[in-house]
Amino acid sequence: MKAAVLQFPGSNCDRDMAVALRQAGADVTVVWHKDNGLPDGVDLVAVPGGFSFGDYLRCGAIAANSPICKALVAHAERGGYVLGVCNGFQVLTETGLLPGALMRNMNLKYICKSVELKVETAESAFTEGYGAGDVITVPIAHHDGNYFADEATLASLRDADGIAFTYLDNPNGSVADIAGILSENRRVLGMMPHPERAADPAQGGTDGAALFRTLVGQLANA
Amino acid sequence: MQEPAITPDLIEAHGLKPDEYDRILEIIGREPTFTELGIFSAMWNEHCSYKSSKKWLRTLPTDGPQVICGPGENAGIVDIGDGQAVVFKMESHNHPSYIEPYQGAATGVGGILRDVFTMGARPIAAMNSLSFGEPDHPKTRQLVHGVVEGVGGYGNCFGVPTVGGEVRFHAAYNGNCLVNAFAAGLVDADKIYYSEASGIGMPVVYLGAKTGRDGVGGATMASAEFDDTIEEKRPTVQVGDPFTEKRLMEATLELMETGAVISIQDMGAAGLTCSAVEMGDKGGLGVKLQLDDVPQREEAMTAYEMMLSESQERMLMVLRPEKEAEARAVFEKWDLDFAIVGETIAEDRFLILHGNTVKADLPLATLSGSAPEYDRPWVEPAPAPELGDVVGVDPIDGLRALIGSPNYCSRQWVYEQYDTQVMADSVRTPGLGAGVIRVHGTDKLLAFTSDVTPRYVKANPFEGGKQAVAEAYRNLTAVGAKPLASTDNLNFGNPEKPEIMGQFVFAIKGIGEAVAALDMPIVSGNVSLYNETDGQGILPTPTIGAVGLIDHADHLIAGTVREGHVALVLGETKGHLGQSALLAEVFGREEGDAPAVDLEAEKRHGDFIRDNRDWIDVCTDLSDGGLALAAFELAEAAGVGVQLDSGDTAQLFGEDQARYLVACSFDKAEALMAAAGRAGVPIAFVGKFTGDTVRMGGSEAPLEELSALYRGAFADRLG
């Protein structure tokens, strides 16, 4: 299974993402933002956390307009898999691959801590290692994780079973406690929490490991 | 532009004393130009020259088989085995943070990160030690918010985990907050870069962000006392851009891989001046700079401004000329400036050209090496008066006073604003004791702590200096680490006052004795003097940052207390209440002597912990607040109650040194006590962890209620 991890200036979880994917068995290439195309035969594109372009203008906005993101969008439109974590989620909403937007946290402060998430759906290559309703503990670390979507968008997300994770104790003001969402074809996941920071016992928790394990396993068999 | 005439007022405005100016005349044999005056002022101010402290810094132990590089470079370097090394330093950014808290703190973090990656190391951990005025002082809340957001804003974006630190409040910091930033990086021992230039006619390359007028004169400002004109100094505070710093770090490390770098130096205080002089001086070479080639952010900048600018995120490098194209390509990839701005020359000259004029022409070695050095008069600190009677307190009331105070409540409000886990190798994040980071791709762990108890140092600079080191040693030991080395960040008042200089001298003596006894040589550091406002000095605050190694993850002591665990105190409890947290918080008394530090006992007890870690599930050092606070913190973290047998104020809240609180199962406790008996280490059974209340002697309260107080107090007072 081949994965590409995108690297923008200011990305700082690119290595962490590559490590978690490799641990799960993926063959990972790191791809520079100025590249025009993805390596051949990539199954999954991961957009990592960090502060792409310094979060200037709007989190993820400049990255979403970089050359590599044209290739990212084309990959998704071909039915390819995409995982966006934290700043990666922000990039995915800015590209329009996922609906909604991520605003400043309600308390206006950066928040880094472990939070409990409820797995809302097990129906995706990302979440089928969990049971629907499972509660997992995964760290968050963001200043702009306050998910917003209008009522109509929320209704279609709910109708399509597109809410992947919700917060048990909403830390940032996200509408409907949303921590992560899936695209309509269920092949694009954006989430604010960092599963790559809970993928190894040394990190004090392994609840994020199942996401990478099942994702890599699924795509390897696909 | 017409340059100002050199007048006594201008000389004074540059922080140069008349006798220092006479020395300049003697060195160059003529009146300096305006630019030259600025250069001398930058090189000779306290911040850059250490002119008041050098004599005493030389007395500190800095060597050991583990030390690869001691003080004098950008940061210290220590061997951690397997061809790897840890690079670290702590540095203050006190004055800028008081003037402009967000940017002052942010650029403090930026500066220390640059010191680390300049040497070829990727930063892997950061800490910060913060001291503020009284919680209710009108400036404090704004400073706390600004500084914490600044530290987080820079470190989070850069992408280094913040793994520990300190936050304290005391009236003595009302007019001078302290922001001490620590960073550590990881490097292969055969890929370390130093600042020593070599080769004649080698290109001098400017890297990173463009030069603006920010920070012009910053180092001189940081070497002066404050008064009520402080707001006027805001323009001397530089502005940070962590996004540029992150790119500069990646580009610098990539550049080093190409083999293009002969020597490299970051531009910190007095940027272009200090970095160029440093590289030339270390290599015994002269440096010629053509300022027209310096990337500039603003128009019509003068030579004076460029030489003194403290614009952030810049480096100076001496390049292997044959690698120029390769090196330039790396910086173009990261969209950063890369400009050849000069060359190394054979003559001993610091030659600055701008337009077609010589703006400065100074003897480089003399400029660097002949900074004034003072043996400032000092007086031996008076012995602390004996502590008067202390009435006993109800133990729960005493505990409540501590955990409800901004000084001893949970720091969650602070550290949740820092990314503590980026790089995905964080094993222990802030909260309790030392932070622990896994050495990426290995089973080795590094532990980090920063410690000082300024009340002790004020009462007894010698014992207080020792104590800061001893507490760092214990915090590293409590997670199972072997302490390797230290960095010292020495914050004091005006050294021209003999009693302040006396505090400095005796604190250094204490630190020196302790690092020698505990084998934690000082490998880097920083001195911040003149921390006074309107003549009021801070508490002497020599912050010790220390790093320890755990050679295998299995040797980490990091458990959580469980129901039924036994509580043992290792080390002797006499009940020393002088200068204790209880005395200060409950009675508002800062009296008595600091606790004495028995370095031999510290060493023996530390070794005992490391040798017997198999019997220890949980361990924490006893310091501020004594047994009562430590036991509460362990219980609170685990959500399990605790019962301590003693209800005695001195037993519970005394701050005797060389002590640890250990929690373990009953079986392990028996083995541990037997081992302690054999080793001659005092150990005592003091209670157990059980239930859902905190009980000390006959006094009891629900853990949940105390926990809410502990966790909410910071935000309640300062949020």
# chains A, B, ... in the order shown; residues from 1 in each chain; ligands from 1
>>> residues_around(residues="Gly49 of chain A", least_positions_apart="6", cutoff="12 Å", atoms="only C-alpha atoms", output="PyMOL selection string")
(chain A and resi 5-18+55+59-60+63+83-92+140-145+190-197) or (chain B and resi 156-159+419+421-424)
>>> residues_around(residues="Arg22 of chain A", least_positions_apart="4", cutoff="12 Å", atoms="only C-alpha atoms", output="list in words")
Met1, Lys2, Ala3, Ala4, Val5, Arg15, Asp16, Met17, Ala18, Ala26, Asp27, Val28, Thr29, Val30, Glu196, Ala199, Ala209, Phe212, Arg213, Leu215, Val216 and Gly217 of chain A
>>> select_by_dssp(residues="segment 315-491 of chain B", states="strand (DSSP E)", output="PyMOL selection string")
chain B and resi 315-319+337-345+350-354+357-362+426-428+435-438+445-451+482-491
>>> residues_around(residues="Asn491 of chain B", least_positions_apart="2", cutoff="7 Å", atoms="only C-alpha atoms", output="list of chain:residue names")
B:Asn489, B:Val527, B:Ser528, B:Leu529, B:Pro540, B:Thr541, B:Pro542
>>> select_by_dssp(residues="segment 462-606 of chain B", states="alpha helix (DSSP H)", output="PyMOL selection string")
chain B and resi 462-478+498-517+581-587+599-606
>>> closest_residue(among="B:Ala671, B:Leu248, B:Ala171, B:Ile80", to="chain A", atoms="only C-alpha atoms")
B:Leu248
>>> interface_residues(of="chain B", to="chain A", cutoff="10 Å", atoms="only C-alpha atoms", output="short mmCIF file (atom, residue, chain, number, x, y, z; two decimals) with C-alpha atoms, in the first residue's frame")
data_model
loop_
_atom_site.label_atom_id
_atom_site.label_comp_id
_atom_site.auth_asym_id
_atom_site.auth_seq_id
_atom_site.Cartn_x
_atom_site.Cartn_y
_atom_site.Cartn_z
CA GLU B 149 0.64 32.95 24.41
CA GLY B 152 3.07 28.83 22.77
CA GLY B 153 2.62 30.86 19.61
CA ASN B 156 3.75 25.40 18.69
CA CYS B 157 4.17 26.73 15.18
CA PHE B 158 7.85 25.87 15.04
CA GLY B 159 6.91 22.34 16.09
CA VAL B 160 8.89 21.56 19.22
CA ASP B 241 7.99 34.81 12.89
CA PRO B 242 8.03 31.14 13.83
CA PHE B 243 7.04 30.14 10.31
CA THR B 244 10.26 31.63 8.98
CA GLU B 245 12.22 30.05 11.82
CA LYS B 246 10.81 26.62 11.01
CA ARG B 247 11.87 27.03 7.38
CA GLU B 250 14.82 22.89 7.87
CA LYS B 333 13.55 25.72 -2.10
CA TRP B 334 12.50 27.09 1.29
CA ASP B 335 11.91 30.61 -0.09
CA GLN B 412 -2.77 23.05 33.46
CA TRP B 413 -4.06 26.46 32.29
CA VAL B 414 -0.52 27.28 31.19
CA TYR B 415 0.72 24.05 29.65
CA GLU B 416 -2.46 23.25 27.76
CA GLN B 417 -1.58 26.26 25.63
CA TYR B 418 1.67 24.58 24.60
CA ASP B 419 1.98 21.76 22.13
CA THR B 420 3.48 19.09 24.35
CA GLN B 421 3.35 16.19 21.91
CA VAL B 422 4.41 17.33 18.43
CA MET B 423 7.15 15.06 17.03
CA ALA B 424 5.22 12.15 18.57
CA ASP B 425 7.98 11.11 20.96
CA SER B 426 6.62 12.65 24.18
CA VAL B 427 6.67 10.06 26.93
CA ARG B 428 5.93 12.33 29.89
CA THR B 429 4.31 15.70 29.28
CA ILE B 437 11.17 12.53 25.37
CA ARG B 438 12.10 9.40 23.44
CA GLY B 441 13.92 5.77 16.54
CA ASP B 443 14.71 2.99 23.08
CA ALA B 553 12.59 2.87 28.09
#
>>> residues_around(residues="segment 83-91 of chain B", least_positions_apart="6", cutoff="6 Å", atoms="only C-alpha atoms", output="PDB file with N, CA, C and O atoms, in the first residue's frame")
ATOM      1  N   ALA B  75      25.538  26.620  22.193  1.00  0.00           N
ATOM      2  CA  ALA B  75      24.880  25.792  23.210  1.00  0.00           C
ATOM      3  C   ALA B  75      25.872  24.720  23.638  1.00  0.00           C
ATOM      4  O   ALA B  75      26.875  24.486  22.961  1.00  0.00           O
ATOM      5  N   GLY B  76      25.577  24.073  24.755  1.00  0.00           N
ATOM      6  CA  GLY B  76      26.429  22.993  25.244  1.00  0.00           C
ATOM      7  C   GLY B  76      26.039  21.669  24.604  1.00  0.00           C
ATOM      8  O   GLY B  76      24.900  21.495  24.178  1.00  0.00           O
ATOM      9  N   ILE B  77      26.986  20.748  24.545  1.00  0.00           N
ATOM     10  CA  ILE B  77      26.713  19.456  23.906  1.00  0.00           C
ATOM     11  C   ILE B  77      27.195  18.319  24.791  1.00  0.00           C
ATOM     12  O   ILE B  77      28.322  18.350  25.307  1.00  0.00           O
ATOM     13  N   ASN B 180      12.654  32.686  31.031  1.00  0.00           N
ATOM     14  CA  ASN B 180      13.856  31.909  30.730  1.00  0.00           C
ATOM     15  C   ASN B 180      13.447  30.750  29.848  1.00  0.00           C
ATOM     16  O   ASN B 180      12.633  29.909  30.239  1.00  0.00           O
ATOM     17  N   ALA B 181      13.993  30.713  28.644  1.00  0.00           N
ATOM     18  CA  ALA B 181      13.592  29.678  27.686  1.00  0.00           C
ATOM     19  C   ALA B 181      14.717  28.681  27.484  1.00  0.00           C
ATOM     20  O   ALA B 181      15.881  29.060  27.325  1.00  0.00           O
ATOM     21  N   PHE B 182      14.339  27.419  27.497  1.00  0.00           N
ATOM     22  CA  PHE B 182      15.294  26.309  27.330  1.00  0.00           C
ATOM     23  C   PHE B 182      14.945  25.567  26.057  1.00  0.00           C
ATOM     24  O   PHE B 182      13.773  25.385  25.741  1.00  0.00           O
ATOM     25  N   ALA B 183      15.965  25.134  25.339  1.00  0.00           N
ATOM     26  CA  ALA B 183      15.712  24.220  24.220  1.00  0.00           C
ATOM     27  C   ALA B 183      16.813  23.186  24.167  1.00  0.00           C
ATOM     28  O   ALA B 183      17.965  23.448  24.530  1.00  0.00           O
ATOM     29  N   ALA B 184      16.430  21.996  23.721  1.00  0.00           N
ATOM     30  CA  ALA B 184      17.396  20.910  23.541  1.00  0.00           C
ATOM     31  C   ALA B 184      17.186  20.312  22.163  1.00  0.00           C
ATOM     32  O   ALA B 184      16.054  20.246  21.669  1.00  0.00           O
ATOM     33  N   GLY B 185      18.280  19.895  21.558  1.00  0.00           N
ATOM     34  CA  GLY B 185      18.189  19.274  20.244  1.00  0.00           C
ATOM     35  C   GLY B 185      19.036  18.019  20.185  1.00  0.00           C
ATOM     36  O   GLY B 185      19.880  17.772  21.054  1.00  0.00           O
ATOM     37  N   LEU B 186      18.802  17.253  19.156  1.00  0.00           N
ATOM     38  CA  LEU B 186      19.491  15.979  18.972  1.00  0.00           C
ATOM     39  C   LEU B 186      20.380  16.073  17.739  1.00  0.00           C
ATOM     40  O   LEU B 186      19.948  16.565  16.692  1.00  0.00           O
ATOM     41  N   VAL B 187      21.619  15.589  17.876  1.00  0.00           N
ATOM     42  CA  VAL B 187      22.560  15.672  16.744  1.00  0.00           C
ATOM     43  C   VAL B 187      23.426  14.416  16.739  1.00  0.00           C
ATOM     44  O   VAL B 187      23.665  13.818  17.794  1.00  0.00           O
ATOM     45  N   ASP B 188      23.874  14.021  15.546  1.00  0.00           N
ATOM     46  CA  ASP B 188      24.891  12.972  15.482  1.00  0.00           C
ATOM     47  C   ASP B 188      26.217  13.608  15.878  1.00  0.00           C
ATOM     48  O   ASP B 188      26.571  14.682  15.404  1.00  0.00           O
ATOM     49  N   ALA B 189      26.942  12.933  16.743  1.00  0.00           N
ATOM     50  CA  ALA B 189      28.139  13.545  17.327  1.00  0.00           C
ATOM     51  C   ALA B 189      29.189  13.894  16.276  1.00  0.00           C
ATOM     52  O   ALA B 189      30.032  14.745  16.509  1.00  0.00           O
ATOM     53  N   THR B 487      22.461  23.559  32.421  1.00  0.00           N
ATOM     54  CA  THR B 487      22.638  24.896  31.865  1.00  0.00           C
ATOM     55  C   THR B 487      22.133  25.860  32.925  1.00  0.00           C
ATOM     56  O   THR B 487      21.178  25.549  33.644  1.00  0.00           O
ATOM     57  N   ASN B 489      20.798  29.724  34.003  1.00  0.00           N
ATOM     58  CA  ASN B 489      20.292  31.011  33.558  1.00  0.00           C
ATOM     59  C   ASN B 489      20.207  31.896  34.797  1.00  0.00           C
ATOM     60  O   ASN B 489      19.288  31.772  35.604  1.00  0.00           O
ATOM     61  N   SER B 524      26.384  25.246  29.340  1.00  0.00           N
ATOM     62  CA  SER B 524      25.956  26.445  28.630  1.00  0.00           C
ATOM     63  C   SER B 524      25.210  27.311  29.626  1.00  0.00           C
ATOM     64  O   SER B 524      24.916  26.860  30.736  1.00  0.00           O
ATOM     65  N   GLY B 525      24.895  28.527  29.232  1.00  0.00           N
ATOM     66  CA  GLY B 525      24.149  29.355  30.165  1.00  0.00           C
ATOM     67  C   GLY B 525      24.070  30.784  29.710  1.00  0.00           C
ATOM     68  O   GLY B 525      24.480  31.139  28.609  1.00  0.00           O
ATOM     69  N   ASN B 526      23.518  31.577  30.588  1.00  0.00           N
ATOM     70  CA  ASN B 526      23.214  32.945  30.241  1.00  0.00           C
ATOM     71  C   ASN B 526      23.086  33.723  31.540  1.00  0.00           C
ATOM     72  O   ASN B 526      22.669  33.187  32.556  1.00  0.00           O
TER      73      ASN B 526
END
